[in-house]
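One file, structure-v1.cif, carrying mmCIF, C-alpha atoms:
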```
data_entry
loop_
_atom_site.label_atom_id
_atom_site.label_comp_id
_atom_site.auth_asym_id
_atom_site.auth_seq_id
_atom_site.Cartn_x
_atom_site.Cartn_y
_atom_site.Cartn_z
CA MET A 445 -27.83 46.07 16.99
CA THR A 446 -29.45 44.79 20.18
CA GLU A 447 -33.00 46.05 20.69
CA GLU A 448 -33.36 48.12 23.85
CA ILE A 449 -35.65 47.12 26.69
CA PRO A 450 -37.24 50.24 28.22
CA PHE A 451 -37.72 50.49 31.95
CA LEU A 452 -41.48 50.85 31.43
CA ASP A 453 -43.45 50.49 28.20
CA LEU A 454 -46.26 53.05 28.31
CA LYS A 455 -47.03 52.95 24.58
CA SER A 456 -48.39 49.41 24.90
CA THR A 457 -50.84 50.62 27.54
CA TYR A 458 -52.66 52.62 24.89
CA GLN A 459 -52.29 49.94 22.23
CA GLU A 460 -53.93 47.29 24.42
CA LEU A 461 -56.81 49.53 25.49
CA LYS A 462 -57.10 51.66 22.35
CA ASN A 463 -60.77 51.05 21.59
CA GLU A 464 -61.89 51.67 25.17
CA LEU A 465 -59.67 54.71 25.67
CA ASP A 466 -60.73 56.23 22.36
CA ALA A 467 -64.37 55.76 23.32
CA ALA A 468 -63.68 57.39 26.70
CA TYR A 469 -62.09 60.55 25.31
CA LYS A 470 -64.77 60.89 22.63
CA ARG A 471 -67.43 60.57 25.32
CA VAL A 472 -65.83 63.38 27.32
CA LEU A 473 -65.18 65.68 24.35
CA LEU A 474 -68.70 65.27 23.04
CA SER A 475 -70.15 66.01 26.47
CA GLY A 476 -68.71 69.54 26.50
CA TRP A 477 -68.06 69.19 30.26
CA TYR A 478 -64.40 68.94 31.27
CA ILE A 479 -64.07 69.74 35.00
CA LEU A 480 -65.86 68.04 37.94
CA GLY A 481 -68.51 66.27 35.95
CA SER A 482 -70.00 62.80 35.64
CA GLU A 483 -66.71 61.02 34.80
CA VAL A 484 -64.97 62.26 37.94
CA GLU A 485 -68.02 61.41 40.03
CA ALA A 486 -68.20 57.91 38.56
CA PHE A 487 -64.50 57.25 39.00
CA GLU A 488 -64.60 58.46 42.60
CA LYS A 489 -67.39 56.01 43.39
CA GLU A 490 -65.70 53.13 41.57
CA PHE A 491 -62.27 53.65 43.14
CA ALA A 492 -63.78 54.05 46.61
CA VAL A 493 -65.58 50.71 46.20
CA TYR A 494 -62.41 49.09 44.85
CA CYS A 495 -60.37 50.22 47.87
CA GLY A 496 -63.12 49.49 50.39
CA VAL A 497 -63.70 53.03 51.68
CA ASN A 498 -66.66 55.39 51.78
CA HIS A 499 -65.18 58.41 50.06
CA CYS A 500 -62.83 59.20 47.17
CA ILE A 501 -62.06 62.77 46.13
CA GLY A 502 -60.21 63.29 42.85
CA VAL A 503 -57.48 65.94 43.00
CA GLY A 504 -54.69 67.31 40.84
CA ASN A 505 -51.87 64.93 41.79
CA GLY A 506 -50.50 62.74 44.54
CA LEU A 507 -48.52 65.45 46.33
CA GLU A 508 -51.59 67.64 46.55
CA ALA A 509 -53.64 64.70 47.83
CA LEU A 510 -51.31 64.35 50.82
CA SER A 511 -51.04 68.10 51.31
CA LEU A 512 -54.82 68.56 51.30
CA ILE A 513 -55.26 65.79 53.88
CA LEU A 514 -52.81 67.49 56.24
CA HIS A 515 -54.39 70.88 55.63
CA ALA A 516 -57.88 69.53 56.29
CA TYR A 517 -56.71 68.02 59.56
CA GLY A 518 -55.37 71.41 60.62
CA ILE A 519 -51.77 70.24 60.73
CA GLY A 520 -49.52 73.23 60.17
CA LYS A 521 -46.87 75.53 61.55
CA ASN A 522 -44.62 73.98 64.21
CA ASP A 523 -46.52 70.68 64.15
CA GLU A 524 -44.54 67.52 63.51
CA VAL A 525 -45.40 64.66 61.18
CA ILE A 526 -43.45 61.42 61.32
CA VAL A 527 -42.38 60.36 57.82
CA PRO A 528 -40.25 57.54 56.44
CA ALA A 529 -36.62 58.44 55.93
CA ASN A 530 -36.61 56.06 52.96
CA THR A 531 -39.20 57.45 50.56
CA TYR A 532 -39.71 59.74 47.60
CA ILE A 533 -39.42 63.40 48.59
CA ALA A 534 -43.12 64.09 47.90
CA SER A 535 -43.99 62.54 51.28
CA TRP A 536 -41.82 65.17 52.99
CA LEU A 537 -42.91 68.03 50.71
CA ALA A 538 -46.57 67.59 51.62
CA VAL A 539 -45.65 68.15 55.26
CA SER A 540 -43.45 71.14 54.49
CA HIS A 541 -46.06 72.78 52.25
CA ASN A 542 -48.34 73.00 55.29
CA GLY A 543 -45.65 74.60 57.44
CA ALA A 544 -45.20 71.46 59.51
CA ILE A 545 -41.94 69.63 60.22
CA PRO A 546 -41.16 66.19 58.72
CA VAL A 547 -39.57 63.93 61.33
CA PRO A 548 -37.81 61.03 59.58
CA VAL A 549 -37.76 57.49 60.92
CA GLU A 550 -35.48 54.81 59.49
CA PRO A 551 -36.91 51.83 57.55
CA ASP A 552 -37.07 48.15 58.29
CA GLU A 553 -33.90 46.79 56.73
CA HIS A 554 -35.73 44.04 54.86
CA THR A 555 -38.99 45.65 53.66
CA TYR A 556 -37.61 49.21 53.21
CA ASN A 557 -40.82 50.62 54.69
CA ILE A 558 -40.93 52.63 57.92
CA ASN A 559 -39.90 50.58 60.96
CA PRO A 560 -42.78 50.53 63.50
CA SER A 561 -40.41 49.64 66.35
CA LEU A 562 -38.66 53.01 65.94
CA LEU A 563 -41.76 55.19 65.87
CA GLU A 564 -42.44 55.75 69.55
CA ARG A 565 -39.08 57.37 70.25
CA ALA A 566 -39.80 59.91 67.49
CA ILE A 567 -43.09 61.08 69.05
CA THR A 568 -43.07 64.42 70.87
CA PRO A 569 -45.83 66.72 72.18
CA LYS A 570 -45.74 68.40 68.74
CA THR A 571 -46.44 65.21 66.81
CA LYS A 572 -49.80 65.26 65.04
CA ALA A 573 -49.63 62.43 62.49
CA ILE A 574 -47.72 59.45 61.13
CA MET A 575 -47.36 59.18 57.37
CA ALA A 576 -46.94 55.56 56.30
CA VAL A 577 -45.62 55.12 52.76
CA HIS A 578 -46.30 51.84 50.94
CA LEU A 579 -43.02 51.92 49.09
CA TYR A 580 -42.47 50.05 45.81
CA GLY A 581 -46.05 48.70 45.98
CA GLN A 582 -45.83 46.84 49.30
CA THR A 583 -47.78 48.04 52.31
CA ALA A 584 -46.13 49.18 55.50
CA ASP A 585 -46.85 47.11 58.63
CA MET A 586 -50.00 49.00 59.59
CA ASP A 587 -51.29 47.27 62.73
CA PRO A 588 -48.47 48.43 65.04
CA ILE A 589 -48.53 51.86 63.39
CA ASN A 590 -52.25 52.24 64.01
CA ALA A 591 -51.94 50.94 67.57
CA LEU A 592 -49.25 53.48 68.40
CA ALA A 593 -51.24 56.27 66.74
CA ALA A 594 -54.29 55.39 68.83
CA LYS A 595 -52.18 55.43 72.00
CA TYR A 596 -50.98 58.97 71.29
CA HIS A 597 -54.13 60.24 69.49
CA LEU A 598 -52.36 60.75 66.17
CA LYS A 599 -53.70 60.66 62.63
CA VAL A 600 -52.42 57.94 60.29
CA ILE A 601 -52.04 59.04 56.68
CA GLU A 602 -51.20 56.54 53.97
CA ASP A 603 -49.02 57.61 51.09
CA ALA A 604 -50.37 54.97 48.71
CA ALA A 605 -48.97 56.52 45.54
CA GLN A 606 -47.22 53.26 44.59
CA ALA A 607 -49.71 50.77 46.00
CA HIS A 608 -52.91 50.66 43.92
CA GLY A 609 -54.48 47.33 44.83
CA ALA A 610 -51.86 46.23 47.37
CA LEU A 611 -53.17 44.20 50.31
CA TYR A 612 -52.34 44.19 54.00
CA LYS A 613 -53.88 41.20 55.77
CA GLY A 614 -56.55 41.10 53.08
CA ARG A 615 -57.38 44.83 53.18
CA LYS A 616 -56.60 47.25 50.37
CA ALA A 617 -54.09 50.05 50.60
CA GLY A 618 -56.06 53.26 51.03
CA SER A 619 -58.31 51.74 53.70
CA LEU A 620 -55.66 51.19 56.37
CA GLY A 621 -55.46 54.58 58.12
CA HIS A 622 -57.52 57.71 58.69
CA ALA A 623 -56.95 58.92 55.13
CA ALA A 624 -54.84 58.07 52.10
CA GLY A 625 -53.31 59.92 49.18
CA PHE A 626 -52.95 58.28 45.77
CA SER A 627 -51.08 59.41 42.67
CA PHE A 628 -52.16 58.58 39.13
CA TYR A 629 -48.91 59.67 37.49
CA PRO A 630 -48.62 57.80 34.16
CA GLY A 631 -46.05 55.28 35.42
CA LYS A 632 -48.14 54.14 38.39
CA ASN A 633 -49.95 50.80 38.45
CA LEU A 634 -53.14 52.82 37.95
CA GLY A 635 -51.81 55.67 35.86
CA ALA A 636 -53.53 58.44 33.95
CA PHE A 637 -52.31 60.02 30.71
CA GLY A 638 -51.15 63.06 32.66
CA ASP A 639 -51.20 64.04 36.32
CA GLY A 640 -53.92 63.08 38.75
CA GLY A 641 -54.47 62.06 42.34
CA ALA A 642 -57.09 61.19 44.94
CA VAL A 643 -57.84 61.35 48.64
CA LEU A 644 -59.53 58.30 50.15
CA THR A 645 -61.12 58.15 53.59
CA ASN A 646 -63.98 56.86 55.71
CA ASP A 647 -64.10 60.22 57.52
CA THR A 648 -67.15 62.03 56.13
CA HIS A 649 -66.18 65.39 57.61
CA LEU A 650 -62.69 65.16 56.12
CA ALA A 651 -64.12 64.18 52.73
CA GLU A 652 -66.49 67.15 52.68
CA LEU A 653 -63.68 69.51 53.64
CA VAL A 654 -61.29 68.16 50.99
CA ARG A 655 -64.01 68.45 48.34
CA LYS A 656 -64.24 72.15 49.14
CA LEU A 657 -60.51 72.68 49.50
CA ARG A 658 -59.77 71.21 46.04
CA ASN A 659 -62.26 73.63 44.44
CA TYR A 660 -61.36 77.09 45.73
CA GLY A 661 -63.02 76.37 49.08
CA SER A 662 -66.38 76.14 47.37
CA GLY A 663 -69.22 73.67 47.75
CA THR A 664 -71.56 75.69 45.54
CA LYS A 665 -70.24 77.58 42.51
CA TYR A 666 -69.23 81.16 43.30
CA TYR A 667 -69.87 80.67 47.03
CA ASN A 668 -66.62 80.12 48.92
CA ASP A 669 -66.86 78.88 52.49
CA ILE A 670 -63.13 78.52 53.20
CA ILE A 671 -59.80 79.56 51.69
CA GLY A 672 -59.20 76.76 49.22
CA PHE A 673 -57.02 75.63 46.35
CA ASN A 674 -57.39 74.60 42.72
CA SER A 675 -56.59 70.88 42.67
CA ARG A 676 -59.07 68.92 40.58
CA LEU A 677 -58.89 65.65 38.71
CA ASP A 678 -60.22 66.49 35.26
CA GLU A 679 -62.93 64.67 33.35
CA LEU A 680 -60.65 63.30 30.64
CA GLN A 681 -58.20 61.70 33.07
CA ALA A 682 -61.08 60.32 35.15
CA ALA A 683 -62.55 58.69 32.04
CA PHE A 684 -59.20 57.10 31.21
CA LEU A 685 -58.75 55.93 34.81
CA ARG A 686 -62.16 54.25 34.76
CA VAL A 687 -61.01 52.16 31.80
CA LYS A 688 -57.71 51.27 33.42
CA LEU A 689 -59.27 50.54 36.83
CA SER A 690 -61.20 47.71 35.19
CA ARG A 691 -57.85 46.14 34.23
CA LEU A 692 -55.90 46.96 37.39
CA ASP A 693 -56.11 43.55 39.04
CA GLU A 694 -55.22 41.79 35.79
CA TRP A 695 -52.20 44.02 35.19
CA ASN A 696 -51.09 43.73 38.83
CA GLU A 697 -51.18 39.95 38.39
CA ARG A 698 -48.89 40.27 35.38
CA ARG A 699 -46.47 42.22 37.54
CA ARG A 700 -46.69 39.58 40.27
CA LYS A 701 -45.80 36.79 37.85
CA ILE A 702 -42.76 38.73 36.64
CA ALA A 703 -41.68 39.33 40.24
CA VAL A 704 -42.07 35.66 41.14
CA HIS A 705 -39.90 34.73 38.17
CA TYR A 706 -37.26 37.26 39.19
CA GLN A 707 -37.32 35.95 42.76
CA GLY A 708 -36.79 32.37 41.66
CA ARG A 709 -34.14 32.94 39.01
CA LEU A 710 -32.07 35.59 40.80
CA ARG A 711 -32.00 33.93 44.20
CA GLN A 712 -28.58 32.38 43.60
CA THR A 713 -26.93 35.66 42.60
CA SER A 714 -25.23 38.17 44.90
CA LEU A 715 -28.19 40.56 44.64
CA ILE A 716 -30.29 41.34 47.70
CA LEU A 717 -33.84 40.60 46.54
CA PRO A 718 -37.13 42.03 47.85
CA LEU A 719 -38.61 40.39 50.95
CA VAL A 720 -42.37 39.93 51.21
CA PRO A 721 -43.75 39.39 54.74
CA GLU A 722 -46.54 36.85 55.13
CA TRP A 723 -49.08 39.62 55.79
CA ALA A 724 -48.34 41.51 52.58
CA GLU A 725 -49.56 41.06 49.01
CA PRO A 726 -47.61 43.65 47.01
CA VAL A 727 -48.55 44.91 43.57
CA TRP A 728 -44.91 45.29 42.50
CA HIS A 729 -44.98 48.87 41.32
CA LEU A 730 -41.21 48.47 41.34
CA TYR A 731 -38.94 45.46 41.52
CA VAL A 732 -35.98 46.75 43.51
CA VAL A 733 -32.77 44.84 44.08
CA ARG A 734 -29.67 45.92 46.00
CA SER A 735 -26.05 45.64 44.96
CA GLU A 736 -22.86 47.02 46.50
CA ASN A 737 -21.63 47.47 42.91
CA ARG A 738 -24.78 49.16 41.66
CA GLY A 739 -23.03 51.69 39.42
CA LEU A 740 -21.13 49.05 37.52
CA LEU A 741 -24.17 46.77 37.34
CA GLN A 742 -26.37 49.53 35.95
CA HIS A 743 -23.70 50.50 33.43
CA ARG A 744 -23.32 46.94 32.16
CA LEU A 745 -27.08 46.45 31.90
CA PHE A 746 -27.38 49.66 29.91
CA ALA A 747 -24.57 48.53 27.62
CA ALA A 748 -26.68 45.39 27.00
CA GLY A 749 -29.68 47.53 26.07
CA ILE A 750 -31.53 47.10 29.39
CA HIS A 751 -32.80 50.27 31.06
CA THR A 752 -33.00 50.54 34.84
CA ILE A 753 -33.76 53.38 37.27
CA ILE A 754 -32.51 54.25 40.75
CA HIS A 755 -35.36 54.86 43.21
CA TYR A 756 -33.92 57.07 44.74
CA PRO A 757 -30.33 58.28 44.31
CA VAL A 758 -30.37 61.00 47.02
CA PRO A 759 -32.29 60.61 50.31
CA SER A 760 -34.68 63.42 51.17
CA HIS A 761 -32.63 64.60 54.15
CA LEU A 762 -29.58 65.12 51.93
CA GLN A 763 -31.42 67.06 49.21
CA LYS A 764 -30.67 70.79 48.90
CA ALA A 765 -34.35 71.44 49.56
CA TYR A 766 -33.83 70.22 53.14
CA ALA A 767 -30.44 71.77 53.81
CA SER A 768 -32.08 73.71 56.65
CA THR A 769 -32.45 70.48 58.63
CA GLN A 770 -28.65 70.39 58.87
CA MET A 771 -28.69 66.63 58.46
CA THR A 772 -25.48 65.33 56.96
CA ASP A 773 -24.07 62.05 55.65
CA GLY A 774 -24.47 59.48 58.39
CA SER A 775 -27.55 61.07 59.95
CA LEU A 776 -29.78 58.25 58.71
CA PRO A 777 -27.29 55.50 57.93
CA LEU A 778 -29.64 52.70 56.92
CA THR A 779 -31.57 54.91 54.51
CA GLU A 780 -28.29 56.16 53.05
CA THR A 781 -27.00 52.61 52.60
CA ILE A 782 -30.22 51.44 50.95
CA GLN A 783 -30.35 54.38 48.58
CA SER A 784 -26.73 53.87 47.58
CA GLU A 785 -27.42 50.26 46.58
CA VAL A 786 -30.97 50.04 45.15
CA LEU A 787 -31.65 49.43 41.47
CA SER A 788 -35.09 49.00 39.90
CA LEU A 789 -35.44 46.40 37.14
CA PRO A 790 -38.14 46.49 34.43
CA ILE A 791 -41.43 45.00 35.65
CA GLY A 792 -44.29 46.69 33.79
CA PRO A 793 -47.38 44.73 32.74
CA HIS A 794 -46.28 44.85 29.10
CA LEU A 795 -42.80 43.39 29.63
CA SER A 796 -42.67 40.48 27.19
CA PRO A 797 -41.55 37.00 28.32
CA SER A 798 -38.61 37.14 25.92
CA ASP A 799 -37.43 40.52 27.23
CA HIS A 800 -37.89 39.32 30.79
CA GLU A 801 -35.79 36.23 30.09
CA ARG A 802 -33.13 38.37 28.46
CA ILE A 803 -32.91 40.60 31.54
CA ILE A 804 -32.46 37.58 33.79
CA GLU A 805 -29.89 35.91 31.56
CA THR A 806 -27.94 39.16 31.27
CA LEU A 807 -27.97 39.67 35.04
CA CYS A 808 -26.86 36.11 35.69
CA GLY A 809 -24.05 36.55 33.17
CA ILE A 810 -22.85 39.79 34.74
CA LEU A 811 -23.01 38.41 38.26
CA ALA A 812 -21.53 34.98 37.51
#
```
Could I get this structure in the form of structure tokens?
Amino acid sequence: MTEEIPFLDLKSTYQELKNELDAAYKRVLLSGWYILGSEVEAFEKEFAVYCGVNHCIGVGNGLEALSLILHAYGIGKNDEVIVPANTYIASWLAVSHNGAIPVPVEPDEHTYNINPSLLERAITPKTKAIMAVHLYGQTADMDPINALAAKYHLKVIEDAAQAHGALYKGRKAGSLGHAAGFSFYPGKNLGAFGDGGAVLTNDTHLAELVRKLRNYGSGTKYYNDIIGFNSRLDELQAAFLRVKLSRLDEWNERRRKIAVHYQGRLRQTSLILPLVPEWAEPVWHLYVVRSENRGLLQHRLFAAGIHTIIHYPVPSHLQKAYASTQMTDGSLPLTETIQSEVLSLPIGPHLSPSDHERIIETLCGILA
């Protein structure tokens, strides 16, 4: 029986870092302090330095990171936030949770990120912010986005949930707008062993406000200055993330080497491969190809023991959650085409060379 290749091997994460991770959880458990303590504080400082910003605030998850940013900026009912049409629904949900309206803009056909040339026509007097998603681990083209935002006095919020360590013209994701939201979901390049997230910014006022908002609106225990939430990165996850942050660049490099190999070996097939602009240095959270016969391709790969995932099978505007928008098939044609063709191949940092070669050989055989 052929051994199966999982889409992402999370067990090996623990096996490689076992001694350090075990020491981290013992340190936390022996401390007797499990919420907003020294581990969270240390991780916040370390991740802020890594991303090149002044402030990092650990929160409950990536969706809440984005939602808290919008809330802190006072973006709410009847306001509009420009979002990518081609993204995971969390980008839209953060806007909706604040009572604002997500206004979708189609992607660049080659990078799959939001198309800056289409942004200006989406701006109205109600527009308050542009949310730029660094999809699949490659940054959006931020210079024209920031220039347009400055022209119209808009906030730029990065959804960097898939882009830990990604570079745009030498600068890290998370430092490219007014504020950024990160997710530490276990499958991310920098993943916890549970949920977690963070807000990054150089805006001191925003940072102070988010710190209160995440903790019941309190800066001092039992004294509540504003109506807040309960969204806190816990000590145990922070301790684990500190261990994994020290390996992030190394593990991102492993992903890059796998992607380079895919790019070289699959170039002669019928697949549409990822395009990397000269200004981008992606971290390859996902390696996403496109095929007009995706369903058959995925089925045949699965039959060969190779697991793949579709990111994402249903665009946000066609989800039942957004039925009220009354958008139908054909409303955002490029997004709909992309999401009907994309297929993510295994690319985790623990994908073995032999498994990687088997994936390529299998693909080449299917597509011959």
Can you translate the PyMOL selection byres ((chain A and resi 675) around 8) into the concrete residues it hits in this file, as a PyMOL selection string? chain A and resi 503-505+508+658-659+673-674+676-677
Could you check the closest approach to Thr446 of chain A for each of A:Val527, A:Ala747, A:Val732, A:Leu474 and tell me which residue wins, using all atoms listed in the file?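 Residue with the minimum atom-to-atom distance to Thr446 of chain A: A:Ala747.
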Measuring between all atoms listed in the file, which one of A:Lys764, A:His755, A:Arg738, A:Lys470 shows the shortest distance to Ile810 of chain A?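 Going through A:Lys764, A:His755, A:Arg738, A:Lys470 one by one, the smallest distance to Ile810 of chain A is for A:Arg738.
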Check what the PyMOL selection byres ((chain A and resi 583-591) around 8) selects in the file above and give those residues as a count of residues only. 26
Have a look at atom CA of Ala509 of chain A and atom CA of Gln763 of chain A and let me know their distance in Å, one decimal.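 These two atoms are separated by 22.4 Å.
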Got a sec to resolve the PyMOL selection byres ((chain A and resi 792-800) around 6) on this structure and send the residues as an mmCIF file with C-alpha atoms, in the coordinates of the input?
```cif
data_model
loop_
_atom_site.group_PDB
_atom_site.id
_atom_site.type_symbol
_atom_site.label_atom_id
_atom_site.label_comp_id
_atom_site.auth_asym_id
_atom_site.auth_seq_id
_atom_site.Cartn_x
_atom_site.Cartn_y
_atom_site.Cartn_z
ATOM 1 C CA LEU A 452 -41.480 50.850 31.430
ATOM 2 C CA TRP A 695 -52.200 44.020 35.190
ATOM 3 C CA ARG A 698 -48.890 40.270 35.380
ATOM 4 C CA ARG A 699 -46.470 42.220 37.540
ATOM 5 C CA ILE A 791 -41.430 45.000 35.650
ATOM 6 C CA GLU A 801 -35.790 36.230 30.090
ATOM 7 C CA ARG A 802 -33.130 38.370 28.460
ATOM 8 C CA ILE A 803 -32.910 40.600 31.540
#
```
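When the distance limit is 10 Å and only C-alpha atoms are what count, the residues near Ser535 of chain A, minus those fewer than 2 positions from it on the same chain, are Gly506, Leu507, Leu510, Ser511, Val527, Pro528, Ala529, Asn530, Thr531, Tyr532, Ile533, Leu537, Ala538, Val539, Ser540, Pro546, Met575, Ala576, Val577, Glu602, Asp603, Ala605, Gly625 and Ser760 of chain A.
Checking A:Asp639, A:Glu697, A:Glu805, A:Asp678 one by one against Thr713 of chain A, counting all atoms listed in the file, you find the shortest gap at A:Glu805.
Restricting the calculation to all atoms listed in the file, the smallest distance between Cys808 of chain A and any of A:Ala767, A:Ala573, A:Leu689, A:Leu745 is found for A:Leu745.
Relative to atom CA of Trp723 of chain A, atom CA of Val704 of chain A is found at 16.7 Å.
Relative to atom CA of Ile754 of chain A, atom CA of Thr806 of chain A is found at 18.4 Å.
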Would you pick out the contacts of Asn633 of chain A at 8 Å or less, using all atoms listed in the file, so that residues sharing its chain but fewer than 3 positions from it are not included, and give the list as a list in words?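 These residues fall inside the cut-off: Gln606, Ala607, His608, Leu692, Trp695, Asn696, Val727 and His729 of chain A.
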Close residues, His743 of chain A itself excluded, 12 Å, all atoms listed in the file, min 6 positions apart in chain, as a list in words: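 That gives Asn737, Gly749, Ile750, His751, Thr752, Ile753, Leu787, Leu807 and Ile810 of chain A.
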Take the residues from that selection and write them out as a short mmCIF file (atom, residue, chain, number, x, y, z; two decimals), in the frame of the given file, keeping C-alpha atoms.
```cif
data_model
loop_
_atom_site.label_atom_id
_atom_site.label_comp_id
_atom_site.auth_asym_id
_atom_site.auth_seq_id
_atom_site.Cartn_x
_atom_site.Cartn_y
_atom_site.Cartn_z
CA ASN A 737 -21.63 47.47 42.91
CA GLY A 749 -29.68 47.53 26.07
CA ILE A 750 -31.53 47.10 29.39
CA HIS A 751 -32.80 50.27 31.06
CA THR A 752 -33.00 50.54 34.84
CA ILE A 753 -33.76 53.38 37.27
CA LEU A 787 -31.65 49.43 41.47
CA LEU A 807 -27.97 39.67 35.04
CA ILE A 810 -22.85 39.79 34.74
#
```
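You can rank A:Ile545, A:Lys570, A:Leu634, A:Glu553 by their closest distance to Arg691 of chain A using all atoms listed in the file, and at the top of that list sits A:Leu634.
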Compile the contact shell of Gln712 of chain A as a VMD selection string: residues with an atom at most 12 Å away, counting all atoms listed in the file, same-chain residues fewer than 3 positions apart removed. chain A and resid 706 to 709 715 to 717 804 807 to 808 811 to 812
